[in-house]
>>> print(open('target-v6.pdb').read())   # PDB, C-alpha atoms and all ligand atoms
ATOM      1  CA  MET A   1       4.491  -0.660 -12.213  1.00  0.00           C
ATOM      2  CA  PRO A   2       0.705  -0.199 -12.233  1.00  0.00           C
ATOM      3  CA  VAL A   3      -1.607   1.192  -9.598  1.00  0.00           C
ATOM      4  CA  TYR A   4      -5.010  -0.389  -9.046  1.00  0.00           C
ATOM      5  CA  ASN A   5      -8.356   1.030  -8.015  1.00  0.00           C
ATOM      6  CA  LEU A   6     -10.036  -1.500  -5.755  1.00  0.00           C
ATOM      7  CA  ASN A   7     -13.206  -1.745  -3.701  1.00  0.00           C
ATOM      8  CA  VAL A   8     -12.243  -3.143  -0.297  1.00  0.00           C
ATOM      9  CA  ASN A   9     -14.955  -3.467   2.322  1.00  0.00           C
ATOM     10  CA  GLY A  10     -17.110  -1.021   0.421  1.00  0.00           C
ATOM     11  CA  VAL A  11     -14.419   1.652   0.344  1.00  0.00           C
ATOM     12  CA  PRO A  12     -12.611   2.759  -2.829  1.00  0.00           C
ATOM     13  CA  ARG A  13      -8.881   2.168  -2.355  1.00  0.00           C
ATOM     14  CA  THR A  14      -6.017   2.963  -4.704  1.00  0.00           C
ATOM     15  CA  THR A  15      -2.837   0.956  -4.377  1.00  0.00           C
ATOM     16  CA  PRO A  16       0.606   2.446  -4.700  1.00  0.00           C
ATOM     17  CA  ASP A  17       2.707   1.266  -7.645  1.00  0.00           C
ATOM     18  CA  VAL A  18       2.973  -2.472  -7.259  1.00  0.00           C
ATOM     19  CA  PRO A  19       4.491  -5.223  -9.420  1.00  0.00           C
ATOM     20  CA  ALA A  20       1.648  -6.820 -11.359  1.00  0.00           C
ATOM     21  CA  ASP A  21       2.369 -10.293  -9.988  1.00  0.00           C
ATOM     22  CA  THR A  22       2.145  -9.259  -6.324  1.00  0.00           C
ATOM     23  CA  PRO A  23      -0.376 -11.498  -4.533  1.00  0.00           C
ATOM     24  CA  LEU A  24      -3.518  -9.690  -3.451  1.00  0.00           C
ATOM     25  CA  LEU A  25      -2.841 -10.873   0.104  1.00  0.00           C
ATOM     26  CA  TRP A  26       0.282  -8.721   0.238  1.00  0.00           C
ATOM     27  CA  VAL A  27      -1.499  -5.801  -1.417  1.00  0.00           C
ATOM     28  CA  LEU A  28      -4.189  -5.926   1.247  1.00  0.00           C
ATOM     29  CA  ARG A  29      -1.908  -6.485   4.221  1.00  0.00           C
ATOM     30  CA  ASP A  30       1.263  -4.580   3.399  1.00  0.00           C
ATOM     31  CA  LEU A  31       0.066  -1.799   1.116  1.00  0.00           C
ATOM     32  CA  LEU A  32      -3.501  -1.124   2.256  1.00  0.00           C
ATOM     33  CA  GLY A  33      -3.123  -2.060   5.941  1.00  0.00           C
ATOM     34  CA  VAL A  34      -5.954  -4.608   5.903  1.00  0.00           C
ATOM     35  CA  THR A  35      -4.455  -7.306   8.105  1.00  0.00           C
ATOM     36  CA  GLY A  36      -7.430  -9.577   8.852  1.00  0.00           C
ATOM     37  CA  PRO A  37      -6.532 -12.042   6.070  1.00  0.00           C
ATOM     38  CA  LYS A  38      -3.565 -14.077   7.296  1.00  0.00           C
ATOM     39  CA  TYR A  39      -0.569 -15.585   5.520  1.00  0.00           C
ATOM     40  CA  GLY A  40      -0.203 -19.273   6.188  1.00  0.00           C
ATOM     41  CA  CYS A  41       1.097 -21.048   3.097  1.00  0.00           C
ATOM     42  CA  GLY A  42       0.913 -18.670   0.159  1.00  0.00           C
ATOM     43  CA  VAL A  43      -0.032 -21.494  -2.193  1.00  0.00           C
ATOM     44  CA  GLY A  44      -3.790 -21.780  -1.772  1.00  0.00           C
ATOM     45  CA  VAL A  45      -3.803 -24.673   0.685  1.00  0.00           C
ATOM     46  CA  CYS A  46      -4.256 -23.473   4.283  1.00  0.00           C
ATOM     47  CA  ARG A  47      -6.983 -20.916   3.526  1.00  0.00           C
ATOM     48  CA  ALA A  48      -5.933 -18.581   6.330  1.00  0.00           C
ATOM     49  CA  CYS A  49      -6.179 -15.768   3.767  1.00  0.00           C
ATOM     50  CA  THR A  50      -9.823 -16.459   2.811  1.00  0.00           C
ATOM     51  CA  CYS A  51     -11.822 -13.368   1.855  1.00  0.00           C
ATOM     52  CA  HIS A  52     -14.901 -12.805  -0.269  1.00  0.00           C
ATOM     53  CA  VAL A  53     -14.785 -11.532  -3.843  1.00  0.00           C
ATOM     54  CA  ASN A  54     -18.268 -10.633  -5.024  1.00  0.00           C
ATOM     55  CA  GLY A  55     -19.565 -12.734  -2.122  1.00  0.00           C
ATOM     56  CA  GLN A  56     -17.607 -15.887  -2.968  1.00  0.00           C
ATOM     57  CA  ALA A  57     -14.956 -17.270  -0.618  1.00  0.00           C
ATOM     58  CA  VAL A  58     -11.546 -17.138  -2.276  1.00  0.00           C
ATOM     59  CA  GLN A  59      -7.907 -17.429  -1.274  1.00  0.00           C
ATOM     60  CA  VAL A  60      -6.401 -14.018  -1.889  1.00  0.00           C
ATOM     61  CA  CYS A  61      -2.833 -15.368  -1.865  1.00  0.00           C
ATOM     62  CA  MET A  62      -3.721 -16.872  -5.252  1.00  0.00           C
ATOM     63  CA  LEU A  63      -5.039 -13.654  -6.816  1.00  0.00           C
ATOM     64  CA  THR A  64      -3.481 -10.379  -7.889  1.00  0.00           C
ATOM     65  CA  ALA A  65      -4.921  -6.883  -7.596  1.00  0.00           C
ATOM     66  CA  ALA A  66      -5.758  -6.960 -11.319  1.00  0.00           C
ATOM     67  CA  ASP A  67      -7.979  -9.983 -10.713  1.00  0.00           C
ATOM     68  CA  VAL A  68     -10.331  -7.998  -8.479  1.00  0.00           C
ATOM     69  CA  VAL A  69     -10.557  -4.657 -10.278  1.00  0.00           C
ATOM     70  CA  GLY A  70     -14.259  -3.888 -10.658  1.00  0.00           C
ATOM     71  CA  LYS A  71     -15.215  -6.477  -8.016  1.00  0.00           C
ATOM     72  CA  ARG A  72     -16.137  -6.261  -4.344  1.00  0.00           C
ATOM     73  CA  VAL A  73     -13.434  -7.495  -1.978  1.00  0.00           C
ATOM     74  CA  THR A  74     -14.634  -8.196   1.559  1.00  0.00           C
ATOM     75  CA  THR A  75     -12.251  -9.114   4.349  1.00  0.00           C
ATOM     76  CA  ILE A  76     -13.097 -10.066   7.924  1.00  0.00           C
ATOM     77  CA  GLU A  77     -12.941  -6.349   8.755  1.00  0.00           C
ATOM     78  CA  GLY A  78     -15.899  -5.701   6.448  1.00  0.00           C
ATOM     79  CA  LEU A  79     -18.015  -8.775   7.128  1.00  0.00           C
ATOM     80  CA  ALA A  80     -20.325  -7.174   9.688  1.00  0.00           C
ATOM     81  CA  PRO A  81     -22.101  -3.831   9.572  1.00  0.00           C
ATOM     82  CA  GLU A  82     -20.073  -1.142  11.308  1.00  0.00           C
ATOM     83  CA  GLY A  83     -20.180  -1.528  15.072  1.00  0.00           C
ATOM     84  CA  GLY A  84     -21.961  -4.881  14.925  1.00  0.00           C
ATOM     85  CA  LEU A  85     -21.173  -8.537  14.573  1.00  0.00           C
ATOM     86  CA  HIS A  86     -22.059 -10.915  11.790  1.00  0.00           C
ATOM     87  CA  PRO A  87     -24.130 -13.882  13.101  1.00  0.00           C
ATOM     88  CA  VAL A  88     -21.139 -16.134  12.401  1.00  0.00           C
ATOM     89  CA  GLN A  89     -18.887 -13.937  14.515  1.00  0.00           C
ATOM     90  CA  GLN A  90     -21.466 -13.950  17.325  1.00  0.00           C
ATOM     91  CA  ALA A  91     -21.699 -17.741  17.178  1.00  0.00           C
ATOM     92  CA  TRP A  92     -17.902 -17.967  17.226  1.00  0.00           C
ATOM     93  CA  ILE A  93     -17.861 -16.000  20.481  1.00  0.00           C
ATOM     94  CA  GLU A  94     -20.663 -18.031  22.037  1.00  0.00           C
ATOM     95  CA  GLU A  95     -18.932 -21.313  21.176  1.00  0.00           C
ATOM     96  CA  ASP A  96     -15.543 -19.914  22.258  1.00  0.00           C
ATOM     97  CA  VAL A  97     -14.050 -21.229  19.029  1.00  0.00           C
ATOM     98  CA  ALA A  98     -10.702 -19.488  18.761  1.00  0.00           C
ATOM     99  CA  GLN A  99      -7.552 -20.850  20.316  1.00  0.00           C
ATOM    100  CA  CYS A 100      -4.460 -19.017  18.985  1.00  0.00           C
ATOM    101  CA  GLY A 101      -6.808 -17.288  16.535  1.00  0.00           C
ATOM    102  CA  PHE A 102      -4.493 -17.191  13.541  1.00  0.00           C
ATOM    103  CA  CYS A 103      -6.717 -19.193  11.193  1.00  0.00           C
ATOM    104  CA  GLN A 104      -9.991 -17.784  12.480  1.00  0.00           C
ATOM    105  CA  PRO A 105     -10.570 -14.853  10.083  1.00  0.00           C
ATOM    106  CA  GLY A 106     -10.346 -17.303   7.209  1.00  0.00           C
ATOM    107  CA  GLN A 107     -12.540 -19.826   9.001  1.00  0.00           C
ATOM    108  CA  ILE A 108     -15.217 -17.220   9.657  1.00  0.00           C
ATOM    109  CA  MET A 109     -15.167 -15.928   6.085  1.00  0.00           C
ATOM    110  CA  GLN A 110     -15.461 -19.476   4.770  1.00  0.00           C
ATOM    111  CA  ALA A 111     -18.329 -20.258   7.160  1.00  0.00           C
ATOM    112  CA  ALA A 112     -20.160 -17.050   6.247  1.00  0.00           C
ATOM    113  CA  ALA A 113     -19.916 -17.919   2.544  1.00  0.00           C
ATOM    114  CA  LEU A 114     -21.153 -21.451   3.212  1.00  0.00           C
ATOM    115  CA  LEU A 115     -24.179 -20.206   5.151  1.00  0.00           C
ATOM    116  CA  LYS A 116     -25.023 -17.774   2.394  1.00  0.00           C
ATOM    117  CA  SER A 117     -25.257 -20.591  -0.135  1.00  0.00           C
ATOM    118  CA  LYS A 118     -26.555 -23.222   2.316  1.00  0.00           C
ATOM    119  CA  PRO A 119     -28.437 -21.655   5.239  1.00  0.00           C
ATOM    120  CA  SER A 120     -28.885 -25.059   6.937  1.00  0.00           C
ATOM    121  CA  PRO A 121     -25.668 -26.911   6.129  1.00  0.00           C
ATOM    122  CA  SER A 122     -25.360 -30.624   6.828  1.00  0.00           C
ATOM    123  CA  ASP A 123     -22.312 -32.178   8.447  1.00  0.00           C
ATOM    124  CA  ALA A 124     -21.233 -33.214   4.966  1.00  0.00           C
ATOM    125  CA  ASP A 125     -21.498 -29.606   3.799  1.00  0.00           C
ATOM    126  CA  ILE A 126     -19.381 -28.454   6.731  1.00  0.00           C
ATOM    127  CA  ASP A 127     -16.881 -31.222   5.983  1.00  0.00           C
ATOM    128  CA  GLN A 128     -16.283 -29.567   2.615  1.00  0.00           C
ATOM    129  CA  ILE A 129     -14.570 -26.663   4.396  1.00  0.00           C
ATOM    130  CA  MET A 130     -10.863 -27.215   3.871  1.00  0.00           C
ATOM    131  CA  ASN A 131      -9.488 -24.416   6.055  1.00  0.00           C
ATOM    132  CA  VAL A 132      -6.638 -25.657   8.212  1.00  0.00           C
ATOM    133  CA  CYS A 133      -6.543 -25.036  11.975  1.00  0.00           C
ATOM    134  CA  ARG A 134      -3.300 -26.089  13.609  1.00  0.00           C
ATOM    135  CA  CYS A 135      -4.924 -25.746  17.032  1.00  0.00           C
ATOM    136  CA  GLY A 136      -7.602 -28.260  16.081  1.00  0.00           C
ATOM    137  CA  THR A 137     -10.691 -26.159  16.741  1.00  0.00           C
ATOM    138  CA  TYR A 138     -12.710 -28.092  14.183  1.00  0.00           C
ATOM    139  CA  CYS A 139     -15.341 -29.420  16.608  1.00  0.00           C
ATOM    140  CA  ARG A 140     -16.100 -25.946  17.907  1.00  0.00           C
ATOM    141  CA  ILE A 141     -16.173 -24.548  14.365  1.00  0.00           C
ATOM    142  CA  ARG A 142     -18.816 -27.135  13.473  1.00  0.00           C
ATOM    143  CA  LYS A 143     -20.883 -26.217  16.536  1.00  0.00           C
ATOM    144  CA  ALA A 144     -20.566 -22.512  15.789  1.00  0.00           C
ATOM    145  CA  ILE A 145     -21.663 -22.933  12.185  1.00  0.00           C
ATOM    146  CA  LYS A 146     -24.724 -24.838  13.382  1.00  0.00           C
ATOM    147  CA  ARG A 147     -25.440 -22.181  15.984  1.00  0.00           C
ATOM    148  CA  ALA A 148     -25.156 -19.442  13.360  1.00  0.00           C
ATOM    149  CA  ALA A 149     -27.424 -21.400  11.038  1.00  0.00           C
ATOM    150  CA  ALA A 150     -30.031 -21.632  13.799  1.00  0.00           C
ATOM    151  CA  THR A 151     -30.013 -17.876  14.292  1.00  0.00           C
TER     152      THR A 151
HETATM  153  S1  LIG B 201      -2.095 -18.221   2.703  1.00  0.00           S
HETATM  154 FE1  LIG B 201      -3.640 -18.352   1.185  1.00  0.00          FE
HETATM  155  S2  LIG B 201      -4.267 -20.423   1.243  1.00  0.00           S
HETATM  156 FE2  LIG B 201      -2.605 -20.349   2.657  1.00  0.00          FE
HETATM  157  S1  LIG B 202      -7.045 -21.325  16.283  1.00  0.00           S
HETATM  158 FE1  LIG B 202      -4.876 -21.603  16.120  1.00  0.00          FE
HETATM  159  S2  LIG B 202      -4.595 -22.190  14.045  1.00  0.00           S
HETATM  160 FE2  LIG B 202      -6.734 -22.194  14.291  1.00  0.00          FE
END
>>> encode(input="target-v6.pdb", output="structure tokens")
Amino acid sequence: MPVYNLNVNGVPRTTPDVPADTPLLWVLRDLLGVTGPKYGCGVGVCRACTCHVNGQAVQVCMLTAADVVGKRVTTIEGLAPEGGLHPVQQAWIEEDVAQCGFCQPGQIMQAAALLKSKPSPSDADIDQIMNVCRCGTYCRIRKAIKRAAAT
């Protein structure tokens, strides 16, 4: 079984021996202790596991460690500078978005990626976000994205 040298949240990390087909989500959560990305479906649909790879939002349940060797993996833990909050996280607090919270790391990572590519997203742009929230926080997510865009 191979080991992998990864860059997770700006820190070099080496995995233990891991079967090559292990989803990156499990590598992050179970082997490296990075538990912000959540397991919802495991098949690329719910997007609770959304992280950034080289700044792009991706579903890490659909990748393996080999897929991200030589790339920058950013999870919710590494979104903001140490000790601070990313503007999206601040907006999330001000709009009191979270309910149970399970989907929220993925929602925030998706929103942060959207704002990077579209600093003033339209409603149609926000509608393109496919992250599932079983608590139905979608209205507050929309408000928070707009608040973050304004700041
Ligand atoms: S757990 Fe990755 S998309 Fe659902
Ligand atoms: S806040 Fe509960 S699933 Fe989204």
>>> closest_residue(input="target-v6.pdb", among="A:His52, A:Arg47, A:His86, A:Lys146", to="ligand LIG 202 (chain B)", atoms="only C-alpha atoms and all ligand atoms")
A:Arg47
>>> resolve_selection(input="target-v6.pdb", expression="the PyMOL selection byres (((chain A and resi 133-143) around 10) and not hetatm)", output="JSON, numbers by chain")
{"A": [46, 47, 48, 88, 91, 92, 94, 95, 96, 97, 98, 99, 100, 101, 102, 103, 104, 106, 107, 108, 111, 122, 123, 126, 127, 130, 131, 132, 144, 145, 146, 147, 148, 149]}
>>> atom_distance(input="target-v6.pdb", atom1="atom CA of A:Leu28", atom2="atom CA of A:Gln128")
26.6 Å
>>> resolve_selection(input="target-v6.pdb", expression="the PyMOL selection byres (((chain A and resi 8) around 10) and not hetatm)", output="PyMOL selection string")
chain A and resi 5-7+9-14+28+32+34+53+68+71-75+77-78
>>> resolve_selection(input="target-v6.pdb", expression="the PyMOL selection byres (((not hetatm)) within 10 of (chain B and resi 201))", output="list of chain:residue names")
A:Pro23, A:Leu24, A:Leu25, A:Pro37, A:Lys38, A:Tyr39, A:Gly40, A:Cys41, A:Gly42, A:Val43, A:Gly44, A:Val45, A:Cys46, A:Arg47, A:Ala48, A:Cys49, A:Thr50, A:Cys51, A:Val58, A:Gln59, A:Val60, A:Cys61, A:Met62, A:Leu63, A:Cys103, A:Gly106, A:Met130, A:Asn131, A:Val132
>>> write_last_selection(input="target-v6.pdb", atoms="C-alpha atoms", output="PDB file, in the coordinates of the input")
ATOM      1  CA  PRO A  23      -0.376 -11.498  -4.533  1.00  0.00           C
ATOM      2  CA  LEU A  24      -3.518  -9.690  -3.451  1.00  0.00           C
ATOM      3  CA  LEU A  25      -2.841 -10.873   0.104  1.00  0.00           C
ATOM      4  CA  PRO A  37      -6.532 -12.042   6.070  1.00  0.00           C
ATOM      5  CA  LYS A  38      -3.565 -14.077   7.296  1.00  0.00           C
ATOM      6  CA  TYR A  39      -0.569 -15.585   5.520  1.00  0.00           C
ATOM      7  CA  GLY A  40      -0.203 -19.273   6.188  1.00  0.00           C
ATOM      8  CA  CYS A  41       1.097 -21.048   3.097  1.00  0.00           C
ATOM      9  CA  GLY A  42       0.913 -18.670   0.159  1.00  0.00           C
ATOM     10  CA  VAL A  43      -0.032 -21.494  -2.193  1.00  0.00           C
ATOM     11  CA  GLY A  44      -3.790 -21.780  -1.772  1.00  0.00           C
ATOM     12  CA  VAL A  45      -3.803 -24.673   0.685  1.00  0.00           C
ATOM     13  CA  CYS A  46      -4.256 -23.473   4.283  1.00  0.00           C
ATOM     14  CA  ARG A  47      -6.983 -20.916   3.526  1.00  0.00           C
ATOM     15  CA  ALA A  48      -5.933 -18.581   6.330  1.00  0.00           C
ATOM     16  CA  CYS A  49      -6.179 -15.768   3.767  1.00  0.00           C
ATOM     17  CA  THR A  50      -9.823 -16.459   2.811  1.00  0.00           C
ATOM     18  CA  CYS A  51     -11.822 -13.368   1.855  1.00  0.00           C
ATOM     19  CA  VAL A  58     -11.546 -17.138  -2.276  1.00  0.00           C
ATOM     20  CA  GLN A  59      -7.907 -17.429  -1.274  1.00  0.00           C
ATOM     21  CA  VAL A  60      -6.401 -14.018  -1.889  1.00  0.00           C
ATOM     22  CA  CYS A  61      -2.833 -15.368  -1.865  1.00  0.00           C
ATOM     23  CA  MET A  62      -3.721 -16.872  -5.252  1.00  0.00           C
ATOM     24  CA  LEU A  63      -5.039 -13.654  -6.816  1.00  0.00           C
ATOM     25  CA  CYS A 103      -6.717 -19.193  11.193  1.00  0.00           C
ATOM     26  CA  GLY A 106     -10.346 -17.303   7.209  1.00  0.00           C
ATOM     27  CA  MET A 130     -10.863 -27.215   3.871  1.00  0.00           C
ATOM     28  CA  ASN A 131      -9.488 -24.416   6.055  1.00  0.00           C
ATOM     29  CA  VAL A 132      -6.638 -25.657   8.212  1.00  0.00           C
TER      30      VAL A 132
END
>>> closest_residue(input="target-v6.pdb", among="A:Tyr4, A:Ala57, A:Pro105, A:Gly83", to="ligand LIG 202 (chain B)", atoms="only C-alpha atoms and all ligand atoms")
A:Pro105
>>> atom_distance(input="target-v6.pdb", atom1="atom S2 of ligand LIG 202 (chain B)", atom2="atom CA of A:Gln56")
22.3 Å
>>> axis_aligned_box(input="target-v6.pdb", around="stretch 48-53 of chain A", padding_each_side="8 Å", output="lines of an AutoDock Vina configuration file")
center_x = -10.4
center_y = -15.1
center_z = 1.2
size_x = 25.0
size_y = 23.0
size_z = 26.2
>>> atom_distance(input="target-v6.pdb", atom1="atom CA of A:Leu115", atom2="atom FE1 of ligand LIG 202 (chain B)")
22.2 Å
>>> closest_residue(input="target-v6.pdb", among="A:Leu31, A:Ile93, A:Ala112, A:Ala66", to="A:Pro2", atoms="all atoms listed in the file")
A:Ala66
>>> residues_near_point(input="target-v6.pdb", point="(0.2, -4.1, -8.5)", cutoff="8 Å", atoms="all atoms listed in the file", output="VMD selection string")
chain A and resid 1 to 4 15 to 22 27 64 to 66
>>> decode(input="target-v6.pdb", residues="stretch 1-15 of chain A", atoms="N, CA and C atoms", output="PDB file, in the first residue's frame")
ATOM      1  N   MET A   1       0.852  -1.197   0.000  1.00  0.00           N
ATOM      2  CA  MET A   1       0.000   0.000   0.000  1.00  0.00           C
ATOM      3  C   MET A   1       0.885   1.244   0.000  1.00  0.00           C
ATOM      4  N   PRO A   2       0.531   2.254  -0.766  1.00  0.00           N
ATOM      5  CA  PRO A   2       1.387   3.451  -0.846  1.00  0.00           C
ATOM      6  C   PRO A   2       1.146   4.434   0.310  1.00  0.00           C
ATOM      7  N   VAL A   3       2.141   5.294   0.504  1.00  0.00           N
ATOM      8  CA  VAL A   3       1.941   6.471   1.343  1.00  0.00           C
ATOM      9  C   VAL A   3       1.950   7.665   0.390  1.00  0.00           C
ATOM     10  N   TYR A   4       1.354   8.763   0.842  1.00  0.00           N
ATOM     11  CA  TYR A   4       1.235   9.942  -0.014  1.00  0.00           C
ATOM     12  C   TYR A   4       1.704  11.160   0.753  1.00  0.00           C
ATOM     13  N   ASN A   5       2.432  12.020   0.052  1.00  0.00           N
ATOM     14  CA  ASN A   5       2.829  13.310   0.613  1.00  0.00           C
ATOM     15  C   ASN A   5       1.864  14.365   0.087  1.00  0.00           C
ATOM     16  N   LEU A   6       1.123  14.960   0.996  1.00  0.00           N
ATOM     17  CA  LEU A   6       0.076  15.908   0.612  1.00  0.00           C
ATOM     18  C   LEU A   6       0.358  17.271   1.218  1.00  0.00           C
ATOM     19  N   ASN A   7      -0.269  18.281   0.641  1.00  0.00           N
ATOM     20  CA  ASN A   7      -0.260  19.628   1.229  1.00  0.00           C
ATOM     21  C   ASN A   7      -1.691  19.929   1.652  1.00  0.00           C
ATOM     22  N   VAL A   8      -1.927  19.914   2.960  1.00  0.00           N
ATOM     23  CA  VAL A   8      -3.277  20.131   3.488  1.00  0.00           C
ATOM     24  C   VAL A   8      -3.257  21.387   4.343  1.00  0.00           C
ATOM     25  N   ASN A   9      -4.000  22.372   3.924  1.00  0.00           N
ATOM     26  CA  ASN A   9      -4.062  23.647   4.647  1.00  0.00           C
ATOM     27  C   ASN A   9      -2.677  24.263   4.837  1.00  0.00           C
ATOM     28  N   GLY A  10      -1.868  24.113   3.794  1.00  0.00           N
ATOM     29  CA  GLY A  10      -0.547  24.730   3.805  1.00  0.00           C
ATOM     30  C   GLY A  10       0.499  23.963   4.581  1.00  0.00           C
ATOM     31  N   VAL A  11       0.132  22.795   5.098  1.00  0.00           N
ATOM     32  CA  VAL A  11       1.048  22.011   5.917  1.00  0.00           C
ATOM     33  C   VAL A  11       1.371  20.709   5.186  1.00  0.00           C
ATOM     34  N   PRO A  12       2.661  20.356   5.067  1.00  0.00           N
ATOM     35  CA  PRO A  12       2.989  19.060   4.473  1.00  0.00           C
ATOM     36  C   PRO A  12       2.516  17.926   5.387  1.00  0.00           C
ATOM     37  N   ARG A  13       1.783  16.992   4.820  1.00  0.00           N
ATOM     38  CA  ARG A  13       1.295  15.842   5.597  1.00  0.00           C
ATOM     39  C   ARG A  13       1.621  14.560   4.842  1.00  0.00           C
ATOM     40  N   THR A  14       2.054  13.560   5.557  1.00  0.00           N
ATOM     41  CA  THR A  14       2.313  12.251   4.948  1.00  0.00           C
ATOM     42  C   THR A  14       1.300  11.270   5.500  1.00  0.00           C
ATOM     43  N   THR A  15       0.632  10.562   4.604  1.00  0.00           N
ATOM     44  CA  THR A  15      -0.367   9.595   5.051  1.00  0.00           C
ATOM     45  C   THR A  15       0.342   8.337   5.522  1.00  0.00           C
TER      46      THR A  15
END
